[in-house]
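**Student:** Quick one, entry14.cif (mmCIF, C-alpha atoms):
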```cif
data_data
#
loop_
_atom_site.label_atom_id
_atom_site.label_comp_id
_atom_site.auth_asym_id
_atom_site.auth_seq_id
_atom_site.Cartn_x
_atom_site.Cartn_y
_atom_site.Cartn_z
CA MET A 1 -20.52 -0.05 4.77
CA ALA A 2 -21.45 3.56 4.32
CA ASP A 3 -21.26 5.62 7.49
CA ASP A 4 -24.62 7.31 7.96
CA SER A 5 -24.20 8.01 11.66
CA ARG A 6 -24.77 11.43 13.16
CA THR A 7 -22.43 12.09 16.07
CA GLU A 8 -24.31 12.54 19.35
CA ILE A 9 -27.36 14.34 18.01
CA SER A 10 -29.75 12.00 19.78
CA ASN A 11 -30.10 14.18 22.89
CA ALA A 12 -31.85 16.77 20.75
CA PHE A 13 -34.80 14.43 20.26
CA GLY A 14 -37.54 14.74 22.84
CA SER A 15 -40.22 13.15 20.66
CA TYR A 16 -40.36 10.51 17.94
CA ALA A 17 -43.03 9.21 15.56
CA ALA A 18 -42.64 6.06 13.46
CA ILE A 19 -44.59 5.67 10.23
CA GLY A 20 -44.68 2.69 7.91
CA ASP A 21 -46.07 -0.81 7.41
CA SER A 22 -45.73 -4.17 9.18
CA PHE A 23 -41.96 -3.80 9.54
CA THR A 24 -42.35 -0.65 11.65
CA GLU A 25 -45.47 -1.88 13.44
CA GLY A 26 -43.30 -4.75 14.65
CA VAL A 27 -44.90 -7.84 13.13
CA GLY A 28 -42.86 -10.89 14.08
CA ASP A 29 -41.97 -9.52 17.52
CA PRO A 30 -44.95 -10.23 19.81
CA GLY A 31 -45.08 -8.63 23.23
CA PRO A 32 -46.55 -9.99 26.47
CA ASP A 33 -49.79 -8.04 26.00
CA GLY A 34 -50.44 -9.53 22.56
CA ARG A 35 -49.40 -6.40 20.65
CA TYR A 36 -46.31 -6.35 18.52
CA VAL A 37 -43.20 -4.62 19.81
CA GLY A 38 -40.72 -4.31 16.94
CA TRP A 39 -37.62 -2.30 16.16
CA ALA A 40 -39.27 1.14 16.35
CA ASP A 41 -40.54 0.56 19.90
CA ARG A 42 -37.12 -0.77 20.91
CA PHE A 43 -35.41 2.19 19.24
CA ALA A 44 -37.73 4.57 21.10
CA VAL A 45 -36.64 3.05 24.41
CA LEU A 46 -32.98 3.60 23.50
CA LEU A 47 -33.76 7.25 22.74
CA ALA A 48 -35.81 7.67 25.92
CA ASP A 49 -32.95 6.31 28.01
CA ARG A 50 -30.95 9.41 27.02
CA ARG A 51 -33.54 11.77 28.47
CA PRO A 52 -34.84 12.59 31.96
CA GLU A 53 -37.55 10.15 33.02
CA HIS A 54 -40.96 10.63 31.35
CA THR A 55 -39.78 13.53 29.19
CA PHE A 56 -39.53 11.56 25.96
CA ARG A 57 -42.70 11.05 23.90
CA TYR A 58 -43.31 8.41 21.25
CA ALA A 59 -45.99 7.54 18.68
CA ASN A 60 -46.11 4.56 16.32
CA LEU A 61 -48.51 5.15 13.43
CA ALA A 62 -47.48 2.14 11.33
CA VAL A 63 -50.04 -0.41 10.16
CA ARG A 64 -49.28 -3.76 8.54
CA GLY A 65 -50.04 -4.22 4.86
CA ARG A 66 -50.05 -0.53 4.00
CA LEU A 67 -48.85 0.58 0.58
CA LEU A 68 -46.88 3.79 0.11
CA ASP A 69 -49.85 5.87 -1.02
CA GLN A 70 -51.89 4.68 1.97
CA ILE A 71 -49.08 5.63 4.34
CA VAL A 72 -48.82 9.04 2.71
CA GLU A 73 -52.57 9.57 2.96
CA GLU A 74 -53.16 8.18 6.45
CA GLN A 75 -49.93 8.54 8.43
CA VAL A 76 -47.94 11.43 7.01
CA PRO A 77 -50.62 14.05 7.84
CA ARG A 78 -50.82 12.72 11.40
CA ALA A 79 -47.03 12.83 11.76
CA LYS A 80 -47.04 16.43 10.52
CA GLU A 81 -49.77 17.28 13.02
CA LEU A 82 -47.78 15.76 15.87
CA ALA A 83 -44.62 17.57 14.66
CA PRO A 84 -42.12 15.42 16.56
CA ASP A 85 -38.40 16.04 16.67
CA LEU A 86 -37.77 12.80 14.77
CA VAL A 87 -39.74 10.72 12.26
CA THR A 88 -38.67 7.38 10.85
CA PHE A 89 -40.16 6.82 7.41
CA CYS A 90 -40.09 3.31 5.98
CA ALA A 91 -42.48 2.74 3.08
CA GLY A 92 -42.66 1.28 -0.40
CA GLY A 93 -41.70 -2.28 0.44
CA ASN A 94 -45.21 -3.64 -0.10
CA ASP A 95 -45.37 -1.78 -3.42
CA ILE A 96 -42.05 -3.18 -4.62
CA ILE A 97 -42.99 -6.83 -4.03
CA ARG A 98 -46.17 -6.48 -6.10
CA PRO A 99 -45.96 -7.95 -9.61
CA GLY A 100 -45.07 -5.38 -12.25
CA SER A 101 -44.20 -2.61 -9.81
CA ASP A 102 -41.86 0.16 -10.98
CA PRO A 103 -39.27 1.12 -8.33
CA ASP A 104 -38.56 4.40 -10.14
CA ALA A 105 -42.21 5.47 -9.92
CA VAL A 106 -42.50 4.36 -6.30
CA ALA A 107 -39.36 6.37 -5.47
CA GLU A 108 -40.82 9.52 -7.03
CA ARG A 109 -43.84 9.31 -4.73
CA PHE A 110 -41.59 8.50 -1.78
CA GLU A 111 -39.53 11.64 -2.44
CA ARG A 112 -42.61 13.85 -2.49
CA ALA A 113 -43.57 12.51 0.94
CA VAL A 114 -40.06 13.04 2.32
CA ALA A 115 -40.10 16.64 1.07
CA ASP A 116 -43.47 17.19 2.72
CA LEU A 117 -42.34 15.71 6.03
CA ALA A 118 -39.06 17.58 6.03
CA ARG A 119 -40.93 20.89 6.02
CA SER A 120 -42.95 19.99 9.11
CA VAL A 121 -40.87 17.85 11.47
CA GLY A 122 -37.40 18.08 12.93
CA THR A 123 -35.50 15.18 11.33
CA VAL A 124 -36.65 12.46 8.92
CA MET A 125 -34.75 9.19 9.04
CA VAL A 126 -35.35 7.05 5.96
CA THR A 127 -34.90 3.29 5.68
CA THR A 128 -33.47 1.26 2.83
CA GLY A 129 -34.57 -2.20 1.79
CA PHE A 130 -32.96 -5.44 2.97
CA ASP A 131 -30.55 -7.39 0.83
CA THR A 132 -32.80 -10.36 0.04
CA ARG A 133 -30.14 -12.55 -1.57
CA ASP A 134 -30.69 -15.31 1.02
CA VAL A 135 -34.40 -14.77 1.70
CA PRO A 136 -36.19 -17.53 -0.26
CA VAL A 137 -39.53 -15.80 -0.83
CA LEU A 138 -37.93 -12.48 -1.85
CA ARG A 139 -34.69 -13.56 -3.53
CA HIS A 140 -36.00 -13.03 -7.06
CA LEU A 141 -36.88 -9.39 -6.23
CA ARG A 142 -33.35 -8.46 -5.21
CA GLY A 143 -32.66 -6.29 -8.27
CA ARG A 144 -35.88 -4.33 -7.87
CA ILE A 145 -35.25 -3.80 -4.16
CA ALA A 146 -31.66 -2.70 -4.87
CA THR A 147 -32.92 -0.11 -7.36
CA TYR A 148 -35.40 1.29 -4.86
CA THR A 149 -32.72 1.31 -2.16
CA ALA A 150 -30.42 3.35 -4.41
CA HIS A 151 -33.23 5.87 -4.91
CA VAL A 152 -33.84 6.11 -1.16
CA ARG A 153 -30.19 6.85 -0.50
CA ALA A 154 -30.17 9.54 -3.20
CA ILE A 155 -33.32 11.11 -1.75
CA ALA A 156 -31.71 11.09 1.70
CA ASP A 157 -28.73 12.97 0.30
CA ARG A 158 -30.98 15.62 -1.24
CA TYR A 159 -32.91 16.24 1.99
CA ASP A 160 -30.08 15.62 4.46
CA CYS A 161 -31.84 12.64 6.05
CA PRO A 162 -30.03 10.10 8.21
CA VAL A 163 -30.26 6.64 6.65
CA LEU A 164 -31.09 3.41 8.42
CA ASP A 165 -29.22 1.21 5.94
CA LEU A 166 -30.66 -2.29 6.23
CA TRP A 167 -28.96 -3.48 3.03
CA SER A 168 -25.56 -3.26 4.75
CA LEU A 169 -26.75 -4.90 7.99
CA LYS A 170 -25.36 -8.35 7.26
CA SER A 171 -26.62 -9.95 10.48
CA VAL A 172 -30.24 -9.81 9.28
CA GLN A 173 -29.36 -12.03 6.34
CA ASP A 174 -29.25 -14.97 8.75
CA ARG A 175 -32.48 -16.99 8.78
CA ARG A 176 -32.67 -16.63 12.57
CA ALA A 177 -33.29 -12.90 12.04
CA TRP A 178 -36.59 -13.76 10.32
CA ASP A 179 -39.93 -14.96 11.58
CA ALA A 180 -41.39 -18.27 10.48
CA ASP A 181 -43.30 -16.51 7.68
CA ARG A 182 -39.96 -15.45 6.07
CA LEU A 183 -41.41 -12.00 5.41
CA HIS A 184 -41.04 -10.33 8.81
CA LEU A 185 -38.19 -10.09 11.28
CA SER A 186 -37.95 -12.20 14.41
CA PRO A 187 -37.58 -10.54 17.83
CA GLU A 188 -33.80 -10.78 17.53
CA GLY A 189 -33.95 -9.34 14.02
CA HIS A 190 -36.01 -6.39 15.24
CA THR A 191 -33.55 -5.88 18.11
CA ARG A 192 -30.61 -5.68 15.73
CA VAL A 193 -32.38 -3.12 13.54
CA ALA A 194 -33.18 -0.98 16.61
CA LEU A 195 -29.53 -1.05 17.65
CA ARG A 196 -28.44 -0.02 14.16
CA ALA A 197 -30.98 2.85 14.13
CA ALA A 198 -29.51 4.10 17.40
CA GLN A 199 -26.00 3.91 15.95
CA VAL A 200 -27.11 6.05 12.99
CA LEU A 201 -27.92 8.84 15.45
CA GLY A 202 -24.62 8.50 17.26
CA LEU A 203 -25.81 6.61 20.34
CA GLU A 204 -23.60 4.15 22.14
CA VAL A 205 -25.44 0.83 22.06
CA PRO A 206 -25.22 -2.15 24.43
CA ALA A 207 -24.44 -4.64 21.66
CA ASP A 208 -23.14 -4.70 18.12
CA PRO A 209 -26.09 -5.18 15.73
CA ASP A 210 -23.80 -6.91 13.25
CA GLN A 211 -22.36 -9.31 15.80
CA PRO A 212 -22.07 -12.75 14.14
CA TRP A 213 -24.61 -15.40 15.07
CA PRO A 214 -23.46 -18.62 16.74
CA PRO A 215 -22.75 -21.42 14.24
CA LEU A 216 -25.65 -23.64 13.26
CA PRO A 217 -25.42 -27.38 12.64
CA PRO A 218 -25.65 -28.28 8.95
CA ARG A 219 -29.14 -29.02 7.60
CA GLY A 220 -29.85 -31.88 5.25
CA ALA A 221 -31.85 -31.60 2.04
CA PHE A 222 -34.78 -33.48 3.58
CA GLU A 223 -35.00 -31.08 6.52
CA VAL A 224 -34.86 -28.03 4.23
CA ARG A 225 -37.55 -29.48 1.98
CA ARG A 226 -39.78 -30.31 4.95
CA ASP A 227 -39.46 -26.75 6.29
CA ASP A 228 -40.26 -25.32 2.85
CA ILE A 229 -43.43 -27.41 2.57
CA GLN A 230 -44.57 -26.41 6.04
CA TRP A 231 -43.88 -22.74 5.29
CA ALA A 232 -45.83 -22.89 2.02
CA ARG A 233 -48.82 -24.47 3.78
CA GLU A 234 -48.89 -22.17 6.81
CA HIS A 235 -47.76 -18.85 5.36
CA LEU A 236 -47.47 -18.71 1.56
CA ALA A 237 -50.91 -20.14 0.75
CA PRO A 238 -52.78 -17.71 3.08
CA TRP A 239 -50.73 -14.78 1.71
CA ILE A 240 -51.64 -15.71 -1.87
CA GLY A 241 -55.26 -16.17 -0.85
CA ARG A 242 -55.45 -12.65 0.57
CA ARG A 243 -53.95 -11.28 -2.63
CA LEU A 244 -56.53 -13.09 -4.77
CA ARG A 245 -59.38 -11.84 -2.58
CA GLY A 246 -58.05 -8.27 -2.57
CA GLU A 247 -57.59 -8.36 1.19
CA SER A 248 -54.79 -7.03 3.36
CA SER A 249 -53.44 -8.23 6.70
CA GLY A 250 -53.97 -4.65 7.86
CA ASP A 251 -57.68 -4.50 7.11
CA HIS A 252 -59.48 -3.27 10.26
CA VAL A 253 -56.14 -2.71 12.03
CA GLU A 254 -55.43 0.68 13.60
CA ALA A 255 -52.18 2.26 14.70
CA LYS A 256 -51.09 0.86 18.04
CA ARG A 257 -49.83 4.21 19.41
CA PRO A 258 -51.45 7.09 17.53
CA ASP A 259 -50.47 9.84 19.98
CA LEU A 260 -47.16 11.12 21.31
CA LEU A 261 -47.16 9.57 24.78
CA PRO A 262 -44.38 9.48 27.38
CA LEU A 263 -42.32 6.33 27.66
#
```
What's the structure tokens form of this structure?

**Tutor:**
Amino acid sequence: MADDSRTEISNAFGSYAAIGDSFTEGVGDPGPDGRYVGWADRFAVLLADRRPEHTFRYANLAVRGRLLDQIVEEQVPRAKELAPDLVTFCAGGNDIIRPGSDPDAVAERFERAVADLARSVGTVMVTTGFDTRDVPVLRHLRGRIATYTAHVRAIADRYDCPVLDLWSLKSVQDRRAWDADRLHLSPEGHTRVALRAAQVLGLEVPADPDQPWPPLPPRGAFEVRRDDIQWAREHLAPWIGRRLRGESSGDHVEAKRPDLLPL
């Protein structure tokens, strides 16, 4: 695994803004108040724990379903206005899974946004794609995601961005790291990503994000088939329906934390 960690630079961050789509909003990780929590919120807490109480400020601008150009139009200007010490930028995933998408073209637009952010905020952490080899609904897109991930790493090198490398995070390839919809992380999956993000910035973390999962009992073909049918009925069919109607899960959804507020 590539070492993208920055040794003990986390104390320099007094503010953090997260921009992105459903992954960064935290879909799959519901909180007690009905709002999603997610890896970015959990990462923010780890950063805040390094600071005096109430001196760390955090905004989460991410909205589910957003494409890269929407994120650039809606969220990047707000992040620049807030001018935090740290921005995490995860975008392009919804573009890549669309039929006929070109990862090279998406990466060009992603780089322009990184360059824009880098001129206005302290540090921009970029995020690679997951290795989807064992994710049933996304397995066939593995090559396209790998191409985009290679671009993201190259862009990070050009702009000296720390990299949250999800491709190398083997623990999230376990099905228990994913929500029932097989498209978003489970609470434990989000937790592991937050821990890895903290490691990238040189923080000591309370647990190893790549710690192996406990063994699972073997599953028979009938059980697997039954789960696949239930998933298709409850999650795949509605997802396809929204695509056909030109709708997004993020329609009428606003950022859950649009201002830099103390934690």

**Student:** Neighbours of segment 230-234 of chain A within 8 Å (all atoms listed in the file; same-chain residues fewer than 4 positions away dropped), as a list in words?

**Tutor:**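 The neighbour list is Ala180, Asp181, Arg226 and Pro238 of chain A.
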
**Student:** Given the selection you just returned, output its residues as a file containing C-alpha atoms, formatted as a PDB file, in the frame of the given file.

**Tutor:**
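Written file, result07.pdb:
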```pdb
ATOM      1  CA  ALA A 180     -41.390 -18.270  10.480  1.00  0.00           C
ATOM      2  CA  ASP A 181     -43.300 -16.510   7.680  1.00  0.00           C
ATOM      3  CA  ARG A 226     -39.780 -30.310   4.950  1.00  0.00           C
ATOM      4  CA  PRO A 238     -52.780 -17.710   3.080  1.00  0.00           C
TER       5      PRO A 238
END
```

**Student:** I'd like the contact shell of His190 of chain A - 8 Å cut-off, only C-alpha atoms, skipping same-chain residues fewer than 4 positions apart - returned as JSON, numbers by chain.

**Tutor:** {"A": [26, 29, 38, 39, 177, 185, 186, 194]}

**Student:** Name the residues that the PyMOL selection byres ((chain A and resi 250-261) around 9) picks from the file above, as a list in words, using the file's chain letters and numbers.

**Tutor:**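 What the PyMOL selection byres ((chain A and resi 250-261) around 9) grabs from the file is Ser15, Tyr16, Ala17, Asp21, Ser22, Glu25, Arg35, Tyr36, Phe56, Arg57, Tyr58, Ala59, Asn60, Leu61, Ala62, Val63, Arg64, Gly65, Arg66, Arg78, Leu82, Pro84, Glu247, Ser248, Ser249, Pro262 and Leu263 of chain A.
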
**Student:** In file coordinates, which residues lie within 9 Å of (-33.0, 0.1, 2.9) using only C-alpha atoms, given as a PyMOL selection string?

**Tutor:** chain A and resi 90+126-131+145-146+148-150+152-153+163-168

**Student:** Taking all atoms of segment 101-106 of chain A that the file lists, what box with edges along x, y and z, padded by 3 Å per side, do you get, with centre and edge lengths in Å to one decimal, as JSON?

**Tutor:**
```
{"center_x": -41.4, "center_y": 1.4, "center_z": -8.6, "size_x": 11.6, "size_y": 14.1, "size_z": 10.7}
```

**Student:** Quick check, in Å to one decimal: how far apart do atom CA of Asp102 of chain A and atom CA of Arg144 of chain A lie?

**Tutor:**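 So the answer is 8.1 Å.
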
**Student:** Just to confirm, what's the straight-line distance from atom CA of Gln75 of chain A to atom CA of Thr123 of chain A in Å (one decimal)?

**Tutor:**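 If I compute the distance from atom CA of Gln75 of chain A to atom CA of Thr123 of chain A, I get 16.1 Å.
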
**Student:** What is the atom CA of Pro215 of chain A to atom CA of Ser171 of chain A distance in Å?

**Tutor:** 12.7 Å

**Student:** Neighbouring residues of Val106 of chain A were defined as those with any atom within 10 Å, considering all atoms listed in the file; residues of the same chain fewer than 2 positions away were excluded. Please report them as number ranges by chain.

**Tutor:** A: 68-69, 91-93, 95-96, 101-104, 108-111, 148, 151

**Student:** When you look at Arg192 of chain A with a cut-off of 12 Å (counting all atoms listed in the file), what residues show up, excluding the ones that are within fewer than 2 positions of it in the same chain? I need them as a ChimeraX atom specification.

**Tutor:** /A:38-40,42-43,164,166,169-174,176-178,185-190,194-199,205-213

**Student:** A:Ala18, A:Val72, A:Ala154, A:Leu138: which is nearest Arg182 of chain A, counting all atoms listed in the file?

**Tutor:** A:Leu138

**Student:** Taking the file as I've supplied it (selection: the PyMOL selection byres ((chain A and resi 47) around 8)), which residues are included? Please answer as a list of chain:residue names.

**Tutor:**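 Selection result, ordered by chain and number: A:Ser10, A:Asn11, A:Phe13, A:Phe43, A:Ala44, A:Val45, A:Leu46, A:Ala48, A:Asp49, A:Arg50, A:Arg51, A:Phe56, A:Ala198.
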
**Student:** Looking at only C-alpha atoms, which of A:Val27, A:Ala83, A:Ile19, A:Leu183 is the one that sits closest to Ile97 of chain A?

**Tutor:**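 Looking at the shortest contact to Ile97 of chain A, the residue is A:Leu183.
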
**Student:** Which residues would end up in the selection if the PyMOL selection byres ((chain A and resi 159) around 8) were applied here, given that I need the answer as a PyMOL selection string?

**Tutor:** chain A and resi 114-115+118+155-158+160-161

**Student:** Which one is closest to Arg133 of chain A: A:Pro99, A:Ala12, A:Arg175, A:Val121? Count only C-alpha atoms.

**Tutor:**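 Smallest distance to Arg133 of chain A is found for A:Arg175.
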
**Student:** Using all atoms listed in the file, pick whichever of A:Glu73, A:Asp228, A:Asp179, A:Asp41 has the shortest atom-to-atom distance to Asp116 of chain A.

**Tutor:**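 Answer, going by the shortest atom-to-atom distance: A:Glu73.
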